[in-house]
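Raw final16.tsv, TSV, C-alpha atoms and all ligand atoms:
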```tsv
chain	number	residue	atom	x	y	z
T	1	MET	CA	27.22	-7.21	8.54
T	2	GLU	CA	28.96	-3.88	9.12
T	3	ASN	CA	30.35	-4.15	5.61
T	4	ASP	CA	26.88	-4.52	4.17
T	5	ILE	CA	25.72	-1.35	5.91
T	6	ILE	CA	28.70	0.59	4.58
T	7	ASP	CA	28.01	-0.92	1.18
T	8	MET	CA	24.33	0.16	1.28
T	9	THR	CA	25.33	3.68	2.32
T	10	ASN	CA	27.87	3.90	-0.48
T	11	TYR	CA	25.37	2.55	-2.96
T	12	LEU	CA	22.88	5.28	-1.99
T	13	ASP	CA	25.59	7.97	-2.13
T	14	GLU	CA	26.42	6.82	-5.65
T	15	ASN	CA	22.75	6.97	-6.60
T	16	LEU	CA	21.78	10.48	-5.53
T	17	ASP	CA	21.16	11.50	-9.14
T	18	ALA	CA	19.13	8.37	-9.83
T	19	MET	CA	17.03	9.11	-6.74
T	20	LEU	CA	16.44	12.68	-7.87
T	21	ASP	CA	15.53	11.48	-11.37
T	22	LEU	CA	12.90	9.12	-10.00
T	23	TYR	CA	11.67	11.92	-7.70
T	24	ARG	CA	11.31	14.29	-10.65
T	25	ASN	CA	9.56	11.72	-12.83
T	26	LEU	CA	7.04	10.89	-10.10
T	27	VAL	CA	6.30	14.54	-9.32
T	28	GLU	CA	5.95	15.43	-13.01
T	29	ILE	CA	3.19	12.87	-13.41
T	30	GLU	CA	0.85	15.14	-11.45
T	31	SER	CA	-1.70	12.90	-9.76
T	32	PRO	CA	-4.55	14.50	-7.82
T	33	SER	CA	-6.78	11.92	-6.12
T	34	SER	CA	-9.69	13.14	-8.24
T	35	ASP	CA	-7.94	12.23	-11.51
T	36	ARG	CA	-8.04	8.45	-11.62
T	37	SER	CA	-6.16	8.16	-14.92
T	38	ARG	CA	-3.19	10.21	-13.69
T	39	VAL	CA	-2.83	8.10	-10.54
T	40	GLU	CA	-3.02	5.05	-12.85
T	41	GLU	CA	-0.15	6.59	-14.80
T	42	VAL	CA	2.02	6.79	-11.67
T	43	ALA	CA	1.17	3.17	-10.88
T	44	SER	CA	2.05	1.93	-14.36
T	45	TYR	CA	5.30	3.93	-14.33
T	46	LEU	CA	6.24	2.24	-11.04
T	47	ASP	CA	5.01	-1.12	-12.30
T	48	LYS	CA	7.61	-0.93	-15.10
T	49	TYR	CA	10.31	0.48	-12.82
T	50	LEU	CA	9.85	-2.19	-10.14
T	51	GLY	CA	9.28	-4.95	-12.69
T	52	ALA	CA	12.71	-4.16	-14.16
T	53	LEU	CA	14.20	-4.87	-10.72
T	54	GLY	CA	12.69	-8.35	-10.82
T	55	LEU	CA	9.87	-7.68	-8.37
T	56	GLU	CA	6.43	-9.29	-8.64
T	57	ASN	CA	3.77	-6.61	-9.04
T	58	GLU	CA	0.02	-6.48	-8.90
T	59	ILE	CA	-2.21	-3.48	-9.52
T	60	PHE	CA	-5.65	-3.33	-7.92
T	61	HIS	CA	-7.90	-1.10	-10.03
T	62	PHE	CA	-11.03	0.78	-8.95
T	63	ASP	CA	-13.87	2.36	-10.92
T	64	GLU	CA	-13.51	5.84	-9.48
T	65	ALA	CA	-10.26	5.84	-7.51
T	66	GLY	CA	-6.60	5.61	-8.39
T	67	PRO	CA	-5.29	2.06	-8.01
T	68	THR	CA	-3.27	0.37	-5.29
T	69	LEU	CA	0.13	-0.89	-6.41
T	70	TYR	CA	1.52	-3.95	-4.68
T	71	SER	CA	5.06	-5.12	-5.29
T	72	GLN	CA	7.13	-7.77	-3.52
T	73	THR	CA	10.50	-9.47	-3.62
T	74	GLU	CA	9.94	-13.08	-4.66
T	75	GLY	CA	9.43	-16.05	-2.40
T	76	LYS	CA	8.58	-16.56	1.26
T	77	ARG	CA	11.52	-16.19	3.62
T	78	LYS	CA	12.43	-17.70	6.96
T	79	LEU	CA	11.52	-14.56	8.89
T	80	GLY	CA	8.37	-12.45	8.58
T	81	ASP	CA	7.73	-9.91	5.82
T	82	ILE	CA	8.42	-6.18	5.96
T	83	ALA	CA	5.82	-3.82	4.49
T	84	ILE	CA	6.81	-0.36	3.26
T	85	ILE	CA	3.73	1.68	2.46
T	86	GLY	CA	2.71	5.02	0.99
T	87	HIS	CA	0.34	6.76	-1.42
T	88	MET	CA	0.65	7.94	-5.02
T	89	ASP	CA	-2.07	10.62	-5.07
T	90	THR	CA	-1.69	14.28	-4.11
T	91	VAL	CA	-4.15	17.05	-3.23
T	92	HIS	CA	-3.05	19.47	-5.97
T	93	PRO	CA	-5.04	20.03	-9.17
T	94	ILE	CA	-2.98	19.55	-12.35
T	95	GLY	CA	-1.09	22.70	-13.30
T	96	ALA	CA	-1.25	24.25	-9.82
T	97	PHE	CA	2.56	24.59	-9.76
T	98	GLY	CA	2.95	25.82	-13.36
T	99	GLU	CA	4.55	24.13	-16.34
T	100	ASN	CA	7.69	22.56	-14.86
T	101	PRO	CA	6.46	21.74	-11.39
T	102	PHE	CA	9.60	20.05	-9.99
T	103	LYS	CA	12.20	22.59	-8.92
T	104	VAL	CA	15.39	22.14	-6.88
T	105	GLN	CA	16.85	25.23	-5.30
T	106	ASN	CA	19.11	25.84	-2.28
T	107	GLY	CA	18.78	22.31	-0.99
T	108	LYS	CA	14.97	22.38	-1.23
T	109	VAL	CA	12.70	20.81	-3.77
T	110	SER	CA	9.27	22.23	-4.51
T	111	GLY	CA	6.34	20.86	-6.47
T	112	PRO	CA	3.03	19.01	-6.09
T	113	GLY	CA	3.46	16.16	-3.63
T	114	VAL	CA	7.22	16.61	-3.08
T	115	TYR	CA	6.61	16.40	0.66
T	116	ASP	CA	3.29	14.55	0.77
T	117	MET	CA	4.49	12.10	-0.35
T	118	LYS	CA	6.37	11.39	-3.56
T	119	GLY	CA	9.69	11.86	-1.78
T	120	GLY	CA	8.57	9.02	0.49
T	121	LEU	CA	7.93	6.76	-2.51
T	122	VAL	CA	11.52	7.35	-3.65
T	123	ILE	CA	12.79	6.53	-0.14
T	124	ALA	CA	10.76	3.30	-0.05
T	125	ILE	CA	12.01	2.16	-3.46
T	126	PHE	CA	15.66	3.05	-2.92
T	127	ALA	CA	15.75	1.51	0.56
T	128	LEU	CA	14.61	-1.69	-1.15
T	129	LYS	CA	17.18	-1.25	-3.94
T	130	ALA	CA	19.99	-0.73	-1.40
T	131	LEU	CA	18.95	-3.92	0.43
T	132	MET	CA	18.84	-5.84	-2.86
T	133	HIS	CA	22.26	-4.43	-3.75
T	134	VAL	CA	23.83	-6.19	-0.75
T	135	GLY	CA	21.87	-9.38	-1.41
T	136	TYR	CA	19.56	-9.01	1.60
T	137	SER	CA	17.37	-12.11	1.70
T	138	LYS	CA	16.34	-12.51	5.34
T	139	ARG	CA	12.81	-11.22	4.85
T	140	ARG	CA	10.45	-10.63	1.97
T	141	ILE	CA	9.84	-6.94	1.34
T	142	LYS	CA	6.49	-5.66	0.14
T	143	LEU	CA	5.73	-2.20	-1.22
T	144	ILE	CA	2.09	-1.11	-0.99
T	145	PHE	CA	1.11	2.27	-2.45
T	146	SER	CA	-2.51	3.42	-2.43
T	147	GLY	CA	-4.16	5.79	-4.88
T	148	ASP	CA	-6.81	7.69	-2.91
T	149	GLU	CA	-5.29	8.35	0.52
T	150	GLU	CA	-5.84	12.09	0.39
T	151	VAL	CA	-9.61	11.60	0.23
T	152	ALA	CA	-9.64	9.02	3.03
T	153	HIS	CA	-10.21	6.24	0.41
T	154	LEU	CA	-13.64	7.67	-0.31
T	155	TYR	CA	-13.33	7.15	-4.08
T	156	SER	CA	-12.60	3.43	-3.67
T	157	LYS	CA	-15.43	3.19	-1.12
T	158	GLY	CA	-12.95	2.31	1.61
T	159	GLU	CA	-11.32	-0.50	-0.43
T	160	GLY	CA	-7.96	1.35	-0.63
T	161	GLY	CA	-7.79	1.24	3.18
T	162	ARG	CA	-8.99	-2.36	3.50
T	163	LEU	CA	-6.33	-3.49	1.01
T	164	PHE	CA	-3.64	-2.28	3.42
T	165	GLU	CA	-5.17	-4.54	6.05
T	166	THR	CA	-5.24	-7.55	3.72
T	167	LEU	CA	-1.79	-7.01	2.23
T	168	CYS	CA	-0.01	-6.08	5.51
T	169	LYS	CA	-1.59	-8.80	7.64
T	170	GLY	CA	0.94	-11.20	9.12
T	171	SER	CA	3.93	-8.93	8.40
T	172	SER	CA	6.58	-8.43	11.07
T	173	ALA	CA	6.89	-4.67	10.67
T	174	CYS	CA	5.49	-1.83	8.63
T	175	PHE	CA	7.08	1.51	7.73
T	176	ASN	CA	4.95	4.29	6.25
T	177	CYS	CA	7.07	6.75	4.25
T	178	GLU	CA	4.56	9.58	4.80
T	179	SER	CA	5.86	13.15	5.06
T	180	GLY	CA	8.36	13.20	7.92
T	181	ASN	CA	9.90	15.56	10.43
T	182	ARG	CA	13.52	15.89	11.44
T	183	ASN	CA	14.34	13.45	14.28
T	184	LYS	CA	10.72	12.49	14.82
T	185	ILE	CA	8.74	9.34	14.16
T	186	VAL	CA	4.99	9.15	14.54
T	187	LEU	CA	3.85	6.26	16.76
T	188	GLU	CA	0.30	7.46	17.45
T	189	ARG	CA	-2.37	9.19	15.42
T	190	LYS	CA	-5.99	10.04	15.99
T	191	GLY	CA	-8.59	8.23	13.93
T	192	GLY	CA	-11.35	9.91	11.97
T	193	ALA	CA	-14.65	8.95	10.40
T	194	ILE	CA	-17.41	10.67	8.46
T	195	PHE	CA	-21.06	9.69	8.64
T	196	SER	CA	-23.98	10.84	6.54
T	197	ILE	CA	-27.34	10.91	8.30
T	198	LYS	CA	-30.55	11.13	6.26
T	199	VAL	CA	-33.80	12.02	7.97
T	200	HIS	CA	-37.15	11.25	6.31
T	201	GLY	CA	-40.30	13.06	7.40
T	202	LYS	CA	-43.66	13.88	5.83
T	203	ALA	CA	-44.45	16.96	3.76
T	204	ALA	CA	-47.56	19.04	4.50
T	205	HIS	CA	-48.80	22.61	4.06
T	206	ALA	CA	-47.20	24.51	6.92
T	207	GLY	CA	-50.20	26.82	7.36
T	208	LYS	CA	-53.25	24.76	6.50
T	209	GLU	CA	-52.47	21.24	7.76
T	210	PRO	CA	-49.26	21.24	9.76
T	211	GLU	CA	-50.56	18.34	11.86
T	212	LYS	CA	-50.33	16.07	8.80
T	213	GLY	CA	-46.59	16.68	8.40
T	214	ALA	CA	-43.48	15.49	10.19
T	215	SER	CA	-40.52	17.88	9.99
T	216	ALA	CA	-37.32	16.16	8.95
T	217	ILE	CA	-35.39	19.38	9.66
T	218	TYR	CA	-36.71	19.67	13.20
T	219	GLN	CA	-35.76	16.03	13.84
T	220	ALA	CA	-32.29	16.61	12.33
T	221	ALA	CA	-31.83	19.75	14.46
T	222	ARG	CA	-32.69	17.85	17.64
T	223	MET	CA	-30.20	15.13	16.72
T	224	ILE	CA	-27.49	17.70	15.97
T	225	VAL	CA	-27.91	19.28	19.41
T	226	GLU	CA	-27.46	15.83	20.99
T	227	ILE	CA	-24.39	15.08	18.87
T	228	GLU	CA	-22.61	18.40	19.34
T	229	SER	CA	-23.15	18.44	23.08
T	230	ARG	CA	-21.32	15.12	23.33
T	231	SER	CA	-18.08	16.51	21.86
T	232	ASP	CA	-15.17	16.09	24.25
T	233	LYS	CA	-11.67	17.14	23.24
T	234	ASP	CA	-10.06	14.47	25.41
T	235	ARG	CA	-12.17	11.66	23.94
T	236	VAL	CA	-14.29	12.01	20.83
T	237	LEU	CA	-14.76	15.22	18.87
T	238	TYR	CA	-18.00	15.55	16.88
T	239	ASN	CA	-18.59	18.08	14.14
T	240	CYS	CA	-21.82	18.36	12.16
T	241	GLY	CA	-20.15	20.01	9.19
T	242	THR	CA	-22.74	20.08	6.38
T	243	ILE	CA	-26.53	20.21	6.29
T	244	LYS	CA	-29.25	20.44	3.67
T	245	GLY	CA	-32.98	19.83	3.47
T	246	GLY	CA	-36.44	21.26	2.92
T	247	SER	CA	-38.02	22.87	-0.12
T	248	GLY	CA	-39.68	26.09	1.06
T	249	ALA	CA	-40.69	28.08	4.11
T	250	ASN	CA	-44.35	27.11	3.72
T	251	VAL	CA	-43.75	23.36	3.45
T	252	ILE	CA	-43.12	21.04	6.36
T	253	PRO	CA	-39.81	19.49	5.19
T	254	SER	CA	-39.91	15.82	4.27
T	255	GLU	CA	-36.14	15.39	3.87
T	256	ALA	CA	-32.99	16.54	5.68
T	257	GLU	CA	-29.43	15.33	5.50
T	258	PHE	CA	-26.34	16.21	7.47
T	259	SER	CA	-22.82	14.93	7.91
T	260	VAL	CA	-20.94	14.24	11.11
T	261	GLY	CA	-17.15	14.16	11.26
T	262	ILE	CA	-15.65	12.50	14.31
T	263	ARG	CA	-12.09	12.26	15.70
T	264	TYR	CA	-10.99	9.80	18.36
T	265	ASN	CA	-7.86	8.62	20.15
T	266	THR	CA	-8.60	4.91	20.28
T	267	ASN	CA	-10.53	2.42	18.20
T	268	LYS	CA	-12.57	1.58	21.30
T	269	GLN	CA	-13.74	5.20	21.40
T	270	TYR	CA	-14.70	4.87	17.75
T	271	GLU	CA	-16.92	1.88	18.52
T	272	GLU	CA	-18.64	3.79	21.30
T	273	ALA	CA	-19.21	6.78	19.03
T	274	GLU	CA	-20.63	4.62	16.24
T	275	GLU	CA	-22.97	2.93	18.69
T	276	PHE	CA	-24.13	6.31	20.01
T	277	LEU	CA	-24.84	7.67	16.51
T	278	LYS	CA	-26.68	4.52	15.43
T	279	GLY	CA	-28.72	4.59	18.63
T	280	LEU	CA	-29.58	8.23	18.06
T	281	CYS	CA	-30.97	7.36	14.64
T	282	ASN	CA	-33.54	5.16	16.38
T	283	ASP	CA	-34.62	7.99	18.70
T	284	THR	CA	-37.61	9.79	17.29
T	285	PHE	CA	-37.90	13.29	18.72
T	286	VAL	CA	-40.41	14.25	16.02
T	287	LYS	CA	-43.21	11.75	15.54
T	288	GLY	CA	-43.49	10.39	12.01
T	289	THR	CA	-39.82	10.77	11.10
T	290	SER	CA	-37.18	8.10	10.59
T	291	SER	CA	-33.42	8.30	10.15
T	292	GLU	CA	-30.72	6.28	8.46
T	293	ILE	CA	-26.96	6.48	8.88
T	294	GLU	CA	-24.12	5.58	6.52
T	295	ARG	CA	-20.38	5.66	7.15
T	296	ILE	CA	-18.75	7.33	4.16
T	297	GLY	CA	-15.16	7.70	5.34
T	298	PHE	CA	-13.07	5.91	7.95
T	299	TYR	CA	-9.61	5.93	9.44
T	300	PRO	CA	-8.85	3.82	12.48
T	301	SER	CA	-6.59	5.45	15.06
T	302	LEU	CA	-2.92	4.49	15.09
T	303	GLU	CA	-2.34	3.15	18.57
T	304	LYS	CA	1.03	2.64	20.19
T	305	SER	CA	1.80	-0.94	21.25
T	306	SER	CA	4.73	-2.53	23.05
T	307	LYS	CA	5.75	-4.00	19.68
T	308	SER	CA	5.64	-0.67	17.87
T	309	GLN	CA	7.60	0.88	20.73
T	310	LYS	CA	10.27	-1.81	20.22
T	311	LEU	CA	10.28	-1.19	16.48
T	312	PHE	CA	10.79	2.49	17.19
T	313	GLU	CA	13.85	1.61	19.31
T	314	GLU	CA	15.31	-0.27	16.30
T	315	TYR	CA	14.76	2.79	14.11
T	316	ARG	CA	16.32	5.01	16.73
T	317	LYS	CA	19.43	2.83	16.85
T	318	ALA	CA	19.74	3.02	13.07
T	319	SER	CA	19.42	6.81	13.13
T	320	LEU	CA	22.14	7.10	15.77
T	321	LYS	CA	24.35	4.84	13.70
T	322	ILE	CA	23.82	6.59	10.36
T	323	LEU	CA	23.29	10.25	11.34
T	324	ASN	CA	24.49	10.26	14.90
T	325	GLU	CA	21.16	11.89	15.70
T	326	ASP	CA	18.54	10.77	18.19
T	327	VAL	CA	14.86	10.39	17.25
T	328	GLU	CA	11.79	10.92	19.41
T	329	ALA	CA	8.40	9.24	19.13
T	330	ILE	CA	5.46	11.63	18.76
T	331	LYS	CA	1.68	11.64	18.56
T	332	VAL	CA	-0.17	13.73	15.96
T	333	GLY	CA	-3.80	14.54	15.19
T	334	GLY	CA	-3.97	13.78	11.45
T	335	CYS	CA	-4.89	10.34	10.08
T	336	SER	CA	-2.79	8.11	7.80
T	337	ASP	CA	-2.72	4.64	6.26
T	338	SER	CA	-0.50	3.43	9.09
T	339	ALA	CA	-3.68	2.90	11.05
T	340	PHE	CA	-4.73	0.03	8.77
T	341	SER	CA	-1.52	-1.99	9.18
T	342	SER	CA	-1.54	-1.36	12.91
T	343	LEU	CA	-5.19	-2.43	13.12
T	344	VAL	CA	-4.22	-5.93	11.91
T	345	GLY	CA	-1.52	-6.16	14.57
T	346	VAL	CA	1.56	-5.15	12.57
T	347	PRO	CA	3.96	-2.90	14.52
T	348	THR	CA	4.02	0.29	12.47
T	349	LEU	CA	6.16	3.42	12.29
T	350	CYS	CA	4.72	6.42	10.49
T	351	SER	CA	6.31	9.45	8.81
T	352	CYS	CA	9.56	7.84	7.68
T	353	GLY	CA	9.57	10.13	4.63
T	354	VAL	CA	11.37	13.35	3.66
T	355	TYR	CA	11.39	16.40	5.94
T	356	GLY	CA	9.55	19.38	4.60
T	357	SER	CA	6.76	21.86	5.05
T	358	GLY	CA	3.65	23.28	3.44
T	359	ALA	CA	1.89	19.97	2.77
T	360	HIS	CA	-1.41	20.57	0.91
T	361	THR	CA	-0.42	24.16	-0.02
T	362	LEU	CA	1.35	25.82	-2.95
T	363	ASP	CA	4.33	26.36	-0.61
T	364	GLU	CA	4.92	22.63	-0.37
T	365	GLU	CA	8.63	21.87	-0.26
T	366	ALA	CA	10.99	19.18	0.96
T	367	ASP	CA	14.58	18.99	2.13
T	368	VAL	CA	16.68	17.24	-0.56
T	369	GLU	CA	19.30	15.95	1.88
T	370	SER	CA	16.59	14.19	3.91
T	371	LEU	CA	15.72	12.09	0.85
T	372	PHE	CA	19.11	10.41	1.22
T	373	THR	CA	19.43	10.31	5.00
T	374	GLN	CA	15.92	8.99	5.65
T	375	CYS	CA	16.48	6.31	3.02
T	376	LYS	CA	19.73	5.20	4.67
T	377	ILE	CA	18.06	5.01	8.08
T	378	LEU	CA	15.15	2.96	6.72
T	379	ALA	CA	17.39	0.52	4.85
T	380	THR	CA	19.62	0.13	7.93
T	381	THR	CA	16.65	-0.39	10.27
T	382	ILE	CA	15.34	-3.18	8.04
T	383	TYR	CA	18.76	-4.73	7.57
T	384	LEU	CA	19.44	-4.82	11.33
T	385	LEU	CA	15.90	-5.70	12.44
T	386	ALA	CA	16.08	-8.19	15.27
T	387	ASP	CA	14.92	-11.76	14.52
T	388	GLU	CA	12.30	-11.53	17.29
T	389	PHE	CA	10.10	-9.39	15.01
U	401	ZN	ZN	0.23	11.87	2.70
```
Would you write the structure of this file as structure tokens?
Amino acid sequence: MENDIIDMTNYLDENLDAMLDLYRNLVEIESPSSDRSRVEEVASYLDKYLGALGLENEIFHFDEAGPTLYSQTEGKRKLGDIAIIGHMDTVHPIGAFGENPFKVQNGKVSGPGVYDMKGGLVIAIFALKALMHVGYSKRRIKLIFSGDEEVAHLYSKGEGGRLFETLCKGSSACFNCESGNRNKIVLERKGGAIFSIKVHGKAAHAGKEPEKGASAIYQAARMIVEIESRSDKDRVLYNCGTIKGGSGANVIPSEAEFSVGIRYNTNKQYEEAEEFLKGLCNDTFVKGTSSEIERIGFYPSLEKSSKSQKLFEEYRKASLKILNEDVEAIKVGGCSDSAFSSLVGVPTLCSCGVYGSGAHTLDEEADVESLFTQCKILATTIYLLADEF
């Protein structure tokens, strides 16, 4: 057992250049969420790469979103599966980092998605390769990479998120190689959702026959006051972030539309918030109006469980063994795909990826050394994972 861990570590040390090559190739296929064909290109590159390792792959395509790539080692095993997840899209428009976007300098790598999260994809793949190198066969390993994470799976109409639920379900553990932080693992995240509310009223001349109209804007305004006054930073935050409606100052407006973004700590709080918003759409403050609500984006919250706490302890042990460094569990505000695996009961650790900074900005960079160390920790955690999982 100890020999295998030394063997995996040596294998990764011998493959630093191969890891950097894969990193460069993935970053150079620039893949903003909005460019479906470029995300497809990343998926087909990985399809070939993983296929050559003997993995079974499947690509789930969408009309408007980048695909989800699913890859697994063959055959069911005695113990439960391990899912390693991530996303292939970035936020950066093509060309934002100039002609040769991948640059390594003074131990840092810069480029579109180096931190969020193409470094994480390399970690996921090489952790798997290191395990295969020592003939690890205890558990089946699945890689699941989505293609529209940065837009909250809006382009796939939520399907990118639901696929994580379907493909992770029943697994023993899940590791999300999202952008990481030195000596920190994310065990809890807030959830977020976006709703669009449309209000229908009745148009009329505002001067001559106002009594024949029903103002959709007035109704929307009343609803917004109700929604905003419910915002509570310890429970659910509400933000009515966009609004449009009406056609002119002399016309009673027949249409209004606004969006509500919400953030919550628990999925129970989400349910309460959804119920409140739906109920509000049945309240008519302005006679003659009606309202409809649609959820257009959704992330469950990532909630800590006793199982995920135990999984964290396994990761911590591996970090102490490999780096001689302790790791702490943290809670953050931003959402990630970890929420979907956790929602179907799979203990999940988030932010197992490279260390770095400047995610979503032109200053995005990552620490090269962390590509290797985080990969070793992940491979070791999986290798040593207790049978009880
Ligand atoms: Zn990300």
At most 8 Å is the cut-off: for each residue in chain T with any atom that close to an atom of ligand ZN 401 (chain U), write down the nearest atom pair and the distance in Å rounded to one decimal, counting all atoms listed in the file, chain first then increasing number, as a Markdown table.
```
| residue | atom | partner | partner_atom | distance |
| --- | --- | --- | --- | --- |
| T:Gly86 | CA | U:ZN401 | ZN | 7.5 |
| T:His87 | CA | U:ZN401 | ZN | 6.6 |
| T:Thr90 | CA | U:ZN401 | ZN | 7.5 |
| T:Asp116 | CA | U:ZN401 | ZN | 4.5 |
| T:Met117 | CA | U:ZN401 | ZN | 5.2 |
| T:Glu149 | CA | U:ZN401 | ZN | 6.9 |
| T:Glu150 | CA | U:ZN401 | ZN | 6.5 |
| T:Glu178 | CA | U:ZN401 | ZN | 5.3 |
| T:Ser179 | CA | U:ZN401 | ZN | 6.2 |
| T:Ser336 | CA | U:ZN401 | ZN | 7.0 |
```
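For the pair atom CA of Cys240 of chain T and atom CA of Asp89 of chain T, the interatomic distance is 27.3 Å.
One finds atom CA of Gln219 of chain T at 8.8 Å from atom CA of Lys287 of chain T.
One distance worth recording is that between atom CA of Ile377 of chain T and atom CA of Lys169 of chain T, which is 24.0 Å.
Considering the residues T:His205, T:Lys78, T:Lys244, T:Lys103 and counting only C-alpha atoms, Arg24 of chain T has its shortest atom-to-atom contact with T:Lys103.
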Any idea what's packed within 9 Å of Ile330 of chain T, counting all atoms listed in the file, ignoring anything in its chain fewer than 5 positions away? Could you give it as a short mmCIF file (atom, residue, chain, number, x, y, z; two decimals) with C-alpha atoms, in the coordinates of the input?
```cif
data_model
loop_
_atom_site.label_atom_id
_atom_site.label_comp_id
_atom_site.auth_asym_id
_atom_site.auth_seq_id
_atom_site.Cartn_x
_atom_site.Cartn_y
_atom_site.Cartn_z
CA LYS T 184 10.72 12.49 14.82
CA ILE T 185 8.74 9.34 14.16
CA VAL T 186 4.99 9.15 14.54
CA LEU T 187 3.85 6.26 16.76
CA GLU T 188 0.30 7.46 17.45
CA ARG T 189 -2.37 9.19 15.42
#
```
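Among the candidates T:Gly213, T:Gly51, T:Gly95, T:Gly207, the one nearest to Thr289 of chain T when counting all atoms listed in the file is T:Gly213.
Among the candidates T:Val27, T:Ile382, T:Ala221, T:Ile227, the one nearest to Gly120 of chain T when counting only C-alpha atoms is T:Val27.
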At a cut-off of 10 Å, using only C-alpha atoms, what residues contact Thr9 of chain T? Leave out same-chain residues fewer than 6 positions from it and give the result as a PDB file with C-alpha atoms, in the frame of the given file.
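Just written: result.pdb:
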```
ATOM      1  CA  ASN T   3      30.350  -4.150   5.610  1.00  0.00           C
ATOM      2  CA  ASN T  15      22.750   6.970  -6.600  1.00  0.00           C
ATOM      3  CA  ALA T 127      15.750   1.510   0.560  1.00  0.00           C
ATOM      4  CA  ALA T 130      19.990  -0.730  -1.400  1.00  0.00           C
ATOM      5  CA  ILE T 322      23.820   6.590  10.360  1.00  0.00           C
ATOM      6  CA  PHE T 372      19.110  10.410   1.220  1.00  0.00           C
ATOM      7  CA  THR T 373      19.430  10.310   5.000  1.00  0.00           C
ATOM      8  CA  CYS T 375      16.480   6.310   3.020  1.00  0.00           C
ATOM      9  CA  LYS T 376      19.730   5.200   4.670  1.00  0.00           C
ATOM     10  CA  ILE T 377      18.060   5.010   8.080  1.00  0.00           C
ATOM     11  CA  ALA T 379      17.390   0.520   4.850  1.00  0.00           C
ATOM     12  CA  THR T 380      19.620   0.130   7.930  1.00  0.00           C
TER      13      THR T 380
END
```
Residue neighbourhood Glu364 of chain T, 8 Å, only C-alpha atoms, exclusion window fewer than 4 positions, as a compact mmCIF listing (two decimals) with C-alpha atoms, in the coordinates of the input:
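Final output, saved to around_31.txt:
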```txt
# COMPACT_ATOMS: atom_id res chain seq x y z
CA SER T 110 9.27 22.23 -4.51
CA GLY T 111 6.34 20.86 -6.47
CA PRO T 112 3.03 19.01 -6.09
CA GLY T 113 3.46 16.16 -3.63
CA VAL T 114 7.22 16.61 -3.08
CA TYR T 115 6.61 16.40 0.66
CA GLY T 356 9.55 19.38 4.60
CA SER T 357 6.76 21.86 5.05
CA GLY T 358 3.65 23.28 3.44
CA ALA T 359 1.89 19.97 2.77
CA HIS T 360 -1.41 20.57 0.91
```
For segment 339-370 of chain T versus segment 383-389 of chain T, which residues have an atom no more than 12 Å away, and what is each residue's nearest atom pair and distance in Å rounded to one decimal, using all atoms listed in the file, chain-then-number order, as a Markdown table?
```
| residue | atom | partner | partner_atom | distance |
| --- | --- | --- | --- | --- |
| T:Val346 | CA | T:Phe389 | CA | 9.8 |
| T:Pro347 | CA | T:Phe389 | CA | 8.9 |
| T:Thr348 | CA | T:Phe389 | CA | 11.7 |
```
If you count all atoms listed in the file, which residues fall within 6 Å of segment 141-148 of chain T, apart from same-chain ones fewer than 3 positions away, as a CSV table (one decimal) with C-alpha atoms, in the frame of the given file?
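The result, written out as result_24.csv:
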```csv
chain,number,residue,atom,x,y,z
T,33,SER,CA,-6.8,11.9,-6.1
T,66,GLY,CA,-6.6,5.6,-8.4
T,67,PRO,CA,-5.3,2.1,-8.0
T,68,THR,CA,-3.3,0.4,-5.3
T,69,LEU,CA,0.1,-0.9,-6.4
T,70,TYR,CA,1.5,-4.0,-4.7
T,71,SER,CA,5.1,-5.1,-5.3
T,72,GLN,CA,7.1,-7.8,-3.5
T,73,THR,CA,10.5,-9.5,-3.6
T,81,ASP,CA,7.7,-9.9,5.8
T,82,ILE,CA,8.4,-6.2,6.0
T,83,ALA,CA,5.8,-3.8,4.5
T,84,ILE,CA,6.8,-0.4,3.3
T,85,ILE,CA,3.7,1.7,2.5
T,86,GLY,CA,2.7,5.0,1.0
T,87,HIS,CA,0.3,6.8,-1.4
T,88,MET,CA,0.6,7.9,-5.0
T,89,ASP,CA,-2.1,10.6,-5.1
T,151,VAL,CA,-9.6,11.6,0.2
T,153,HIS,CA,-10.2,6.2,0.4
```
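Using all atoms listed in the file, the smallest distance between any of T:Cys335, T:Cys352, T:Ile224, T:Ala96 and Gly297 of chain T comes from T:Cys335.
When only C-alpha atoms are used to measure the gap to Gly353 of chain T, the shortest distance among T:Lys118, T:Arg263, T:Lys310, T:Lys278 belongs to T:Lys118.
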Quiz item: Quick one: residues within 7 Å of Ile293 of chain T, all atoms listed in the file counted, chain neighbours fewer than 4 positions away excluded, as a PyMOL selection string?
Solution: chain T and resi 195-198+278
Let me see the file: selected residues, C-alpha atoms, as a PDB file, keeping the file's coordinate frame.
```pdb
ATOM      1  CA  PHE T 195     -21.060   9.690   8.640  1.00  0.00           C
ATOM      2  CA  SER T 196     -23.980  10.840   6.540  1.00  0.00           C
ATOM      3  CA  ILE T 197     -27.340  10.910   8.300  1.00  0.00           C
ATOM      4  CA  LYS T 198     -30.550  11.130   6.260  1.00  0.00           C
ATOM      5  CA  LYS T 278     -26.680   4.520  15.430  1.00  0.00           C
TER       6      LYS T 278
END
```
Around the point (5.6, 1.1, 15.6) (coordinates from the file), which residues reach within 7 Å if we count all atoms listed in the file? Answer as a short mmCIF file (atom, residue, chain, number, x, y, z; two decimals) with C-alpha atoms, keeping the file's coordinate frame.
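File selection35.cif, as written:
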```cif
data_model
loop_
_atom_site.label_atom_id
_atom_site.label_comp_id
_atom_site.auth_asym_id
_atom_site.auth_seq_id
_atom_site.Cartn_x
_atom_site.Cartn_y
_atom_site.Cartn_z
CA LEU T 187 3.85 6.26 16.76
CA LYS T 304 1.03 2.64 20.19
CA LYS T 307 5.75 -4.00 19.68
CA SER T 308 5.64 -0.67 17.87
CA GLN T 309 7.60 0.88 20.73
CA LEU T 311 10.28 -1.19 16.48
CA PHE T 312 10.79 2.49 17.19
CA PRO T 347 3.96 -2.90 14.52
CA THR T 348 4.02 0.29 12.47
CA LEU T 349 6.16 3.42 12.29
#
```
